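Have a look at the structure below before the remarks.
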Amino acid sequence: MDTPHPDALHSDILVIGAGPAGLHAAFYAAWRGLSVRVLEARGEVGGQLSALYPDKRVYDVPGLPGTRAAAVVQQLIRQLDGLKVDVRVNLVARTLERAGDGWRIGTDQGTLTAGAVILAAGLGALLPRAARVPGTDDHPDVRTDLPDPAGLSGRRVLIVGGVPQAARAALELLDAGANVTLTHSRAGFRGDPTSLAQLEEARASGQIEILAPARLLRLTPPGAELEMDGVTRSVGADTVLILGGYLPDLSPIQAWPLDWQGEYVPDSPGGRTPLDGVYVVGDLAQSGGDFKLISVAFAQAAVAANHAAHHVRPGLKVRPGHSSEKR
């Protein structure tokens, strides 16, 4: 077998996917003293909780009854404080090949190596929906995912969409000094109560313009044309954010030799896959079947992380012991 490239970034464990399963697996592996790197396809962690329903309450997370999904993610991130966990966002894993006793993972931005890999990709990389709007190719700056707010300071930004990310992007861009217009086909927007209250306050004070309900007719080189109450209105915009939600995509990893069973990866006890040193947890694991529950994912993540820790460092026992007995 070949050896890892000397310039490759190496970690003991590489976790693919930063949803609840991936974050909990990262915690357990790092808590055992291993270095962990987490790859997330989107620009923020949290998986489905952040991308699809951050504003909704989740009732089946142990110890956090009736907690908003975004807050569950915040607690999972908080649990990583002080541990050797390197989270990389906007990074899609695409290739997997042997590298010495471990694995080499190819991404759009380079190569990484790891002693073991934990697949926590859920339903797939949650990639933004394409902008299917007339005139998209005519406008110089159309985006479909959350941007770095600082990079749009001083620009006129039109945000299109009613998803929670639209309300949040509007507030973050406003704080960064952008001139923001927010529009949606319906009058209401989704988001947590605090964000929606801040949005209404900004509208009332004239800091942000909200055009809703309105229908986006087309994009133009200087901005966009909307229809409101049967009247066409032109809106100037240097940047247009069309936030229409996200769709899962497993294609980046489905070529990996994992004996796929449809959308699932077969796993044996410990989360083991047909590839030695590669484990699977969460919605991607066949053993979970239709039990796509966060509680199930947490249990799978803890078990797989401890088996991965033993795989990388045989001196470590698979059983981690009780956290209450450790500092």
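Going by the structure tokens order, chains are called A, B, ..., each with residues numbered from 1, while ligands are numbered from 1 in the order shown.
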
**Message:** Can you pull out the residues contacting Leu211 of chain A? Cut-off 8 Å, using only C-alpha atoms, and skip same-chain residues under 2 positions away; I want them as a VMD selection string.
**Reply:** chain A and resid 181 to 184 209 213 to 214

Residue subset to file, keeping all heavy atoms, as a PDB file, in the first residue's frame:
```pdb
ATOM      1  N   THR A 181     -32.525  44.328   0.892  1.00  0.00           N
ATOM      2  CA  THR A 181     -33.947  44.197   0.553  1.00  0.00           C
ATOM      3  C   THR A 181     -34.296  42.722   0.628  1.00  0.00           C
ATOM      4  O   THR A 181     -33.588  41.884   0.065  1.00  0.00           O
ATOM      5  CB  THR A 181     -34.242  44.732  -0.860  1.00  0.00           C
ATOM      6  OG1 THR A 181     -33.886  46.113  -0.931  1.00  0.00           O
ATOM      7  CG2 THR A 181     -35.722  44.579  -1.187  1.00  0.00           C
ATOM      8  N   LEU A 182     -35.383  42.404   1.317  1.00  0.00           N
ATOM      9  CA  LEU A 182     -35.804  41.015   1.498  1.00  0.00           C
ATOM     10  C   LEU A 182     -37.172  40.833   0.856  1.00  0.00           C
ATOM     11  O   LEU A 182     -38.089  41.630   1.089  1.00  0.00           O
ATOM     12  CB  LEU A 182     -35.874  40.687   2.993  1.00  0.00           C
ATOM     13  CG  LEU A 182     -36.388  39.299   3.399  1.00  0.00           C
ATOM     14  CD1 LEU A 182     -35.484  38.201   2.858  1.00  0.00           C
ATOM     15  CD2 LEU A 182     -36.482  39.210   4.924  1.00  0.00           C
ATOM     16  N   THR A 183     -37.316  39.786   0.036  1.00  0.00           N
ATOM     17  CA  THR A 183     -38.590  39.542  -0.623  1.00  0.00           C
ATOM     18  C   THR A 183     -38.934  38.060  -0.584  1.00  0.00           C
ATOM     19  O   THR A 183     -38.047  37.198  -0.502  1.00  0.00           O
ATOM     20  CB  THR A 183     -38.567  40.037  -2.087  1.00  0.00           C
ATOM     21  OG1 THR A 183     -39.868  39.887  -2.659  1.00  0.00           O
ATOM     22  CG2 THR A 183     -37.575  39.228  -2.923  1.00  0.00           C
ATOM     23  N   HIS A 184     -40.242  37.791  -0.639  1.00  0.00           N
ATOM     24  CA  HIS A 184     -40.731  36.413  -0.609  1.00  0.00           C
ATOM     25  C   HIS A 184     -42.113  36.385  -1.242  1.00  0.00           C
ATOM     26  O   HIS A 184     -42.834  37.385  -1.242  1.00  0.00           O
ATOM     27  CB  HIS A 184     -40.797  35.911   0.841  1.00  0.00           C
ATOM     28  CG  HIS A 184     -41.264  34.506   0.995  1.00  0.00           C
ATOM     29  ND1 HIS A 184     -40.905  33.490   0.127  1.00  0.00           N
ATOM     30  CD2 HIS A 184     -42.084  33.926   1.919  1.00  0.00           C
ATOM     31  CE1 HIS A 184     -41.463  32.361   0.520  1.00  0.00           C
ATOM     32  NE2 HIS A 184     -42.192  32.608   1.598  1.00  0.00           N
ATOM     33  N   GLU A 209     -35.639  46.973   3.784  1.00  0.00           N
ATOM     34  CA  GLU A 209     -36.882  47.007   3.020  1.00  0.00           C
ATOM     35  C   GLU A 209     -37.367  45.588   2.805  1.00  0.00           C
ATOM     36  O   GLU A 209     -36.612  44.731   2.329  1.00  0.00           O
ATOM     37  CB  GLU A 209     -36.686  47.694   1.673  1.00  0.00           C
ATOM     38  CG  GLU A 209     -37.972  47.847   0.882  1.00  0.00           C
ATOM     39  CD  GLU A 209     -37.814  48.661  -0.385  1.00  0.00           C
ATOM     40  OE1 GLU A 209     -36.676  48.691  -0.925  1.00  0.00           O
ATOM     41  OE2 GLU A 209     -38.805  49.259  -0.842  1.00  0.00           O
ATOM     42  N   PRO A 213     -46.095  40.090   0.269  1.00  0.00           N
ATOM     43  CA  PRO A 213     -45.812  39.082  -0.765  1.00  0.00           C
ATOM     44  C   PRO A 213     -45.479  39.744  -2.100  1.00  0.00           C
ATOM     45  O   PRO A 213     -46.047  40.774  -2.449  1.00  0.00           O
ATOM     46  CB  PRO A 213     -47.113  38.295  -0.852  1.00  0.00           C
ATOM     47  CG  PRO A 213     -48.162  39.287  -0.452  1.00  0.00           C
ATOM     48  CD  PRO A 213     -47.537  40.170   0.584  1.00  0.00           C
ATOM     49  N   ALA A 214     -44.554  39.131  -2.806  1.00  0.00           N
ATOM     50  CA  ALA A 214     -44.154  39.624  -4.122  1.00  0.00           C
ATOM     51  C   ALA A 214     -43.667  38.446  -4.950  1.00  0.00           C
ATOM     52  O   ALA A 214     -43.116  37.479  -4.416  1.00  0.00           O
ATOM     53  CB  ALA A 214     -43.049  40.667  -3.994  1.00  0.00           C
TER      54      ALA A 214
END
```

Next on the checklist: Applying 12 Å and only C-alpha atoms, which residues near Glu172 of chain A remain after dropping the ones on its own chain fewer than 5 positions away? List them as JSON, numbers by chain.
Outcome noted: {"A": [146, 147, 148, 149, 150, 151, 152, 153, 157, 159, 165, 166, 167, 177, 178, 179, 180, 195, 198, 199, 202, 208]}

Can I get the selection written as a PDB file, in the first residue's frame, with N, CA, C and O atoms?
```
ATOM      1  N   LEU A 146     -25.652  30.862   1.889  1.00  0.00           N
ATOM      2  CA  LEU A 146     -25.293  31.937   2.801  1.00  0.00           C
ATOM      3  C   LEU A 146     -23.887  32.440   2.511  1.00  0.00           C
ATOM      4  O   LEU A 146     -22.936  31.651   2.446  1.00  0.00           O
ATOM      5  N   PRO A 147     -23.719  33.753   2.370  1.00  0.00           N
ATOM      6  CA  PRO A 147     -22.401  34.307   2.071  1.00  0.00           C
ATOM      7  C   PRO A 147     -21.673  34.733   3.344  1.00  0.00           C
ATOM      8  O   PRO A 147     -22.246  34.705   4.449  1.00  0.00           O
ATOM      9  N   ASP A 148     -20.428  35.126   3.200  1.00  0.00           N
ATOM     10  CA  ASP A 148     -19.703  35.770   4.287  1.00  0.00           C
ATOM     11  C   ASP A 148     -20.196  37.216   4.344  1.00  0.00           C
ATOM     12  O   ASP A 148     -19.965  37.983   3.405  1.00  0.00           O
ATOM     13  N   PRO A 149     -20.896  37.610   5.399  1.00  0.00           N
ATOM     14  CA  PRO A 149     -21.477  38.956   5.432  1.00  0.00           C
ATOM     15  C   PRO A 149     -20.460  40.064   5.210  1.00  0.00           C
ATOM     16  O   PRO A 149     -20.763  41.060   4.532  1.00  0.00           O
ATOM     17  N   ALA A 150     -19.259  39.889   5.739  1.00  0.00           N
ATOM     18  CA  ALA A 150     -18.247  40.946   5.623  1.00  0.00           C
ATOM     19  C   ALA A 150     -17.898  41.225   4.166  1.00  0.00           C
ATOM     20  O   ALA A 150     -17.555  42.361   3.803  1.00  0.00           O
ATOM     21  N   GLY A 151     -17.999  40.227   3.309  1.00  0.00           N
ATOM     22  CA  GLY A 151     -17.644  40.399   1.905  1.00  0.00           C
ATOM     23  C   GLY A 151     -18.661  41.193   1.112  1.00  0.00           C
ATOM     24  O   GLY A 151     -18.391  41.572  -0.036  1.00  0.00           O
ATOM     25  N   LEU A 152     -19.829  41.460   1.706  1.00  0.00           N
ATOM     26  CA  LEU A 152     -20.872  42.198   1.004  1.00  0.00           C
ATOM     27  C   LEU A 152     -21.164  43.540   1.661  1.00  0.00           C
ATOM     28  O   LEU A 152     -22.176  44.181   1.370  1.00  0.00           O
ATOM     29  N   SER A 153     -20.287  43.979   2.514  1.00  0.00           N
ATOM     30  CA  SER A 153     -20.458  45.277   3.170  1.00  0.00           C
ATOM     31  C   SER A 153     -20.502  46.393   2.135  1.00  0.00           C
ATOM     32  O   SER A 153     -19.691  46.434   1.202  1.00  0.00           O
ATOM     33  N   VAL A 157     -27.986  44.358  -1.567  1.00  0.00           N
ATOM     34  CA  VAL A 157     -28.229  42.918  -1.618  1.00  0.00           C
ATOM     35  C   VAL A 157     -29.723  42.659  -1.596  1.00  0.00           C
ATOM     36  O   VAL A 157     -30.440  43.125  -0.705  1.00  0.00           O
ATOM     37  N   ILE A 159     -32.360  39.700  -1.142  1.00  0.00           N
ATOM     38  CA  ILE A 159     -32.491  38.331  -0.644  1.00  0.00           C
ATOM     39  C   ILE A 159     -33.878  37.829  -1.018  1.00  0.00           C
ATOM     40  O   ILE A 159     -34.888  38.458  -0.689  1.00  0.00           O
ATOM     41  N   GLN A 165     -32.955  30.690   6.777  1.00  0.00           N
ATOM     42  CA  GLN A 165     -31.657  31.258   6.404  1.00  0.00           C
ATOM     43  C   GLN A 165     -31.808  32.639   5.776  1.00  0.00           C
ATOM     44  O   GLN A 165     -30.900  33.461   5.864  1.00  0.00           O
ATOM     45  N   ALA A 166     -32.964  32.923   5.147  1.00  0.00           N
ATOM     46  CA  ALA A 166     -33.164  34.221   4.519  1.00  0.00           C
ATOM     47  C   ALA A 166     -33.267  35.318   5.569  1.00  0.00           C
ATOM     48  O   ALA A 166     -32.644  36.383   5.449  1.00  0.00           O
ATOM     49  N   ALA A 167     -34.053  35.070   6.607  1.00  0.00           N
ATOM     50  CA  ALA A 167     -34.181  36.054   7.682  1.00  0.00           C
ATOM     51  C   ALA A 167     -32.851  36.274   8.378  1.00  0.00           C
ATOM     52  O   ALA A 167     -32.463  37.407   8.687  1.00  0.00           O
ATOM     53  N   GLY A 177     -23.209  46.015   7.263  1.00  0.00           N
ATOM     54  CA  GLY A 177     -23.180  47.275   6.525  1.00  0.00           C
ATOM     55  C   GLY A 177     -23.712  47.193   5.113  1.00  0.00           C
ATOM     56  O   GLY A 177     -23.494  48.119   4.323  1.00  0.00           O
ATOM     57  N   ALA A 178     -24.428  46.121   4.778  1.00  0.00           N
ATOM     58  CA  ALA A 178     -25.021  46.015   3.442  1.00  0.00           C
ATOM     59  C   ALA A 178     -26.368  46.735   3.414  1.00  0.00           C
ATOM     60  O   ALA A 178     -27.015  46.929   4.449  1.00  0.00           O
ATOM     61  N   ASN A 179     -26.767  47.120   2.225  1.00  0.00           N
ATOM     62  CA  ASN A 179     -28.088  47.706   2.002  1.00  0.00           C
ATOM     63  C   ASN A 179     -29.010  46.570   1.568  1.00  0.00           C
ATOM     64  O   ASN A 179     -28.910  46.081   0.437  1.00  0.00           O
ATOM     65  N   VAL A 180     -29.919  46.137   2.456  1.00  0.00           N
ATOM     66  CA  VAL A 180     -30.623  44.872   2.269  1.00  0.00           C
ATOM     67  C   VAL A 180     -32.088  45.078   1.907  1.00  0.00           C
ATOM     68  O   VAL A 180     -32.792  45.881   2.540  1.00  0.00           O
ATOM     69  N   SER A 195     -35.156  36.234  15.902  1.00  0.00           N
ATOM     70  CA  SER A 195     -34.734  36.758  14.601  1.00  0.00           C
ATOM     71  C   SER A 195     -35.883  37.470  13.898  1.00  0.00           C
ATOM     72  O   SER A 195     -35.693  38.541  13.308  1.00  0.00           O
ATOM     73  N   GLN A 198     -36.428  40.824  15.465  1.00  0.00           N
ATOM     74  CA  GLN A 198     -35.380  41.759  15.042  1.00  0.00           C
ATOM     75  C   GLN A 198     -35.616  42.229  13.613  1.00  0.00           C
ATOM     76  O   GLN A 198     -35.374  43.392  13.280  1.00  0.00           O
ATOM     77  N   LEU A 199     -36.096  41.319  12.787  1.00  0.00           N
ATOM     78  CA  LEU A 199     -36.379  41.658  11.394  1.00  0.00           C
ATOM     79  C   LEU A 199     -37.496  42.701  11.315  1.00  0.00           C
ATOM     80  O   LEU A 199     -37.402  43.680  10.554  1.00  0.00           O
ATOM     81  N   ALA A 202     -36.197  46.065  12.415  1.00  0.00           N
ATOM     82  CA  ALA A 202     -35.380  46.694  11.375  1.00  0.00           C
ATOM     83  C   ALA A 202     -36.252  47.264  10.268  1.00  0.00           C
ATOM     84  O   ALA A 202     -35.967  48.331   9.725  1.00  0.00           O
ATOM     85  N   ILE A 208     -34.205  48.165   6.804  1.00  0.00           N
ATOM     86  CA  ILE A 208     -34.286  47.133   5.779  1.00  0.00           C
ATOM     87  C   ILE A 208     -35.628  47.271   5.066  1.00  0.00           C
ATOM     88  O   ILE A 208     -36.631  47.661   5.673  1.00  0.00           O
TER      89      ILE A 208
END
```

Which polymer residues have any atom within 9 Å of an atom of Ala299 of chain A, counting only C-alpha atoms, with same-chain residues fewer than 4 positions away left out, as an NGL selection string? :A and (21 or 281-282 or 294-295 or 303-304)

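Interatomic distance, atom CA of Asp175 of chain A against atom CA of Ala197 of chain A: 15.2 Å.
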
Sorted per-residue table, segment 245-304 of chain A near segment 103-126 of chain A, closest atoms and distance, 6 Å, only C-alpha atoms, as CSV:
```
residue,atom,partner,partner_atom,distance
A:Tyr246,CA,A:Leu126,CA,5.5
A:Leu247,CA,A:Leu126,CA,5.3
A:Pro248,CA,A:Leu126,CA,4.4
A:Asp249,CA,A:Gly124,CA,4.6
A:Leu250,CA,A:Gly124,CA,4.3
A:Gly277,CA,A:Ala116,CA,4.8
A:Val278,CA,A:Val117,CA,4.7
A:Tyr279,CA,A:Ile118,CA,4.7
A:Val280,CA,A:Leu119,CA,4.5
A:Val281,CA,A:Ala120,CA,5.3
A:Gly282,CA,A:Ala120,CA,6.0
A:Asp283,CA,A:Gly122,CA,4.6
A:Leu284,CA,A:Gly122,CA,4.9
```

Write to file, as a compact mmCIF listing (two decimals), in the first residue's frame, the residues of the selection just made, with all heavy atoms.
```txt
# COMPACT_ATOMS: atom_id res chain seq x y z
N TYR A 246 -32.46 23.43 0.58
CA TYR A 246 -31.37 22.52 0.23
C TYR A 246 -31.90 21.15 -0.18
O TYR A 246 -32.98 20.73 0.27
CB TYR A 246 -30.41 22.37 1.41
CG TYR A 246 -29.83 23.68 1.86
CD1 TYR A 246 -30.50 24.47 2.79
CD2 TYR A 246 -28.64 24.16 1.34
CE1 TYR A 246 -29.99 25.69 3.19
CE2 TYR A 246 -28.11 25.38 1.72
CZ TYR A 246 -28.80 26.14 2.64
OH TYR A 246 -28.30 27.36 3.03
N LEU A 247 -31.16 20.47 -1.03
CA LEU A 247 -31.50 19.12 -1.47
C LEU A 247 -30.34 18.18 -1.14
O LEU A 247 -29.17 18.54 -1.34
CB LEU A 247 -31.77 19.09 -2.97
CG LEU A 247 -33.03 19.81 -3.46
CD1 LEU A 247 -33.06 19.82 -4.98
CD2 LEU A 247 -34.27 19.14 -2.91
N PRO A 248 -30.62 16.98 -0.62
CA PRO A 248 -29.55 16.04 -0.30
C PRO A 248 -28.94 15.42 -1.56
O PRO A 248 -29.66 15.12 -2.52
CB PRO A 248 -30.24 14.98 0.55
CG PRO A 248 -31.67 15.02 0.10
CD PRO A 248 -31.95 16.46 -0.26
N ASP A 249 -27.65 15.23 -1.54
CA ASP A 249 -26.95 14.67 -2.70
C ASP A 249 -25.89 13.69 -2.21
O ASP A 249 -24.89 14.09 -1.60
CB ASP A 249 -26.30 15.80 -3.50
CG ASP A 249 -25.60 15.31 -4.76
OD1 ASP A 249 -25.75 14.11 -5.08
OD2 ASP A 249 -24.90 16.11 -5.42
N LEU A 250 -26.11 12.40 -2.47
CA LEU A 250 -25.15 11.37 -2.08
C LEU A 250 -24.12 11.08 -3.17
O LEU A 250 -23.18 10.31 -2.94
CB LEU A 250 -25.88 10.07 -1.74
CG LEU A 250 -26.54 9.97 -0.36
CD1 LEU A 250 -27.41 8.73 -0.28
CD2 LEU A 250 -25.48 9.95 0.75
N GLY A 277 -11.45 0.23 8.84
CA GLY A 277 -11.12 1.58 9.29
C GLY A 277 -12.10 2.63 8.83
O GLY A 277 -11.90 3.82 9.09
N VAL A 278 -13.16 2.21 8.15
CA VAL A 278 -14.21 3.15 7.73
C VAL A 278 -15.51 2.73 8.42
O VAL A 278 -15.92 1.57 8.34
CB VAL A 278 -14.40 3.15 6.20
CG1 VAL A 278 -15.53 4.10 5.81
CG2 VAL A 278 -13.10 3.57 5.51
N TYR A 279 -16.14 3.67 9.10
CA TYR A 279 -17.33 3.41 9.89
C TYR A 279 -18.49 4.28 9.38
O TYR A 279 -18.27 5.31 8.75
CB TYR A 279 -17.07 3.69 11.37
CG TYR A 279 -15.90 2.91 11.92
CD1 TYR A 279 -14.59 3.34 11.70
CD2 TYR A 279 -16.09 1.73 12.64
CE1 TYR A 279 -13.51 2.61 12.18
CE2 TYR A 279 -15.01 0.99 13.13
CZ TYR A 279 -13.73 1.44 12.89
OH TYR A 279 -12.65 0.72 13.36
N VAL A 280 -19.72 3.87 9.69
CA VAL A 280 -20.88 4.63 9.24
C VAL A 280 -21.86 4.78 10.40
O VAL A 280 -22.06 3.84 11.19
CB VAL A 280 -21.55 3.96 8.02
CG1 VAL A 280 -22.08 2.58 8.37
CG2 VAL A 280 -22.67 4.85 7.47
N VAL A 281 -22.47 5.96 10.51
CA VAL A 281 -23.40 6.24 11.60
C VAL A 281 -24.56 7.08 11.06
O VAL A 281 -24.49 7.68 9.99
CB VAL A 281 -22.72 6.99 12.76
CG1 VAL A 281 -21.58 6.18 13.34
CG2 VAL A 281 -22.19 8.36 12.30
N GLY A 282 -25.64 7.13 11.84
CA GLY A 282 -26.75 8.01 11.50
C GLY A 282 -27.61 7.48 10.38
O GLY A 282 -27.69 6.28 10.12
N ASP A 283 -28.27 8.41 9.68
CA ASP A 283 -29.23 8.03 8.64
C ASP A 283 -28.62 7.22 7.52
O ASP A 283 -29.32 6.52 6.80
CB ASP A 283 -29.87 9.29 8.05
CG ASP A 283 -30.80 9.99 9.03
OD1 ASP A 283 -31.10 9.40 10.08
OD2 ASP A 283 -31.22 11.12 8.73
N LEU A 284 -27.31 7.32 7.34
CA LEU A 284 -26.64 6.60 6.25
C LEU A 284 -26.45 5.12 6.57
O LEU A 284 -26.28 4.30 5.67
CB LEU A 284 -25.28 7.26 5.98
CG LEU A 284 -24.55 6.90 4.69
CD1 LEU A 284 -25.37 7.29 3.46
CD2 LEU A 284 -23.18 7.60 4.64
```

- Message: I need the residues of segment 93-176 of chain A that end up classed as alpha helix (DSSP H) by DSSP on the backbone, written out as a list in words.
- Response: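 Filtering segment 93-176 of chain A down to alpha helix (DSSP H) leaves Pro164, Gln165, Ala166, Ala167, Arg168, Ala169, Ala170, Leu171, Glu172, Leu173, Leu174 and Asp175 of chain A.
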
* **Picked from segment 91-273 of chain A by DSSP as strand (DSSP E), as an MDAnalysis selection string** => chainID A and resid 93:99 102:107 110:119 125:128 142:143 156:160 179:183 209:211 215:220 223:228 231:236 239:242 246:249
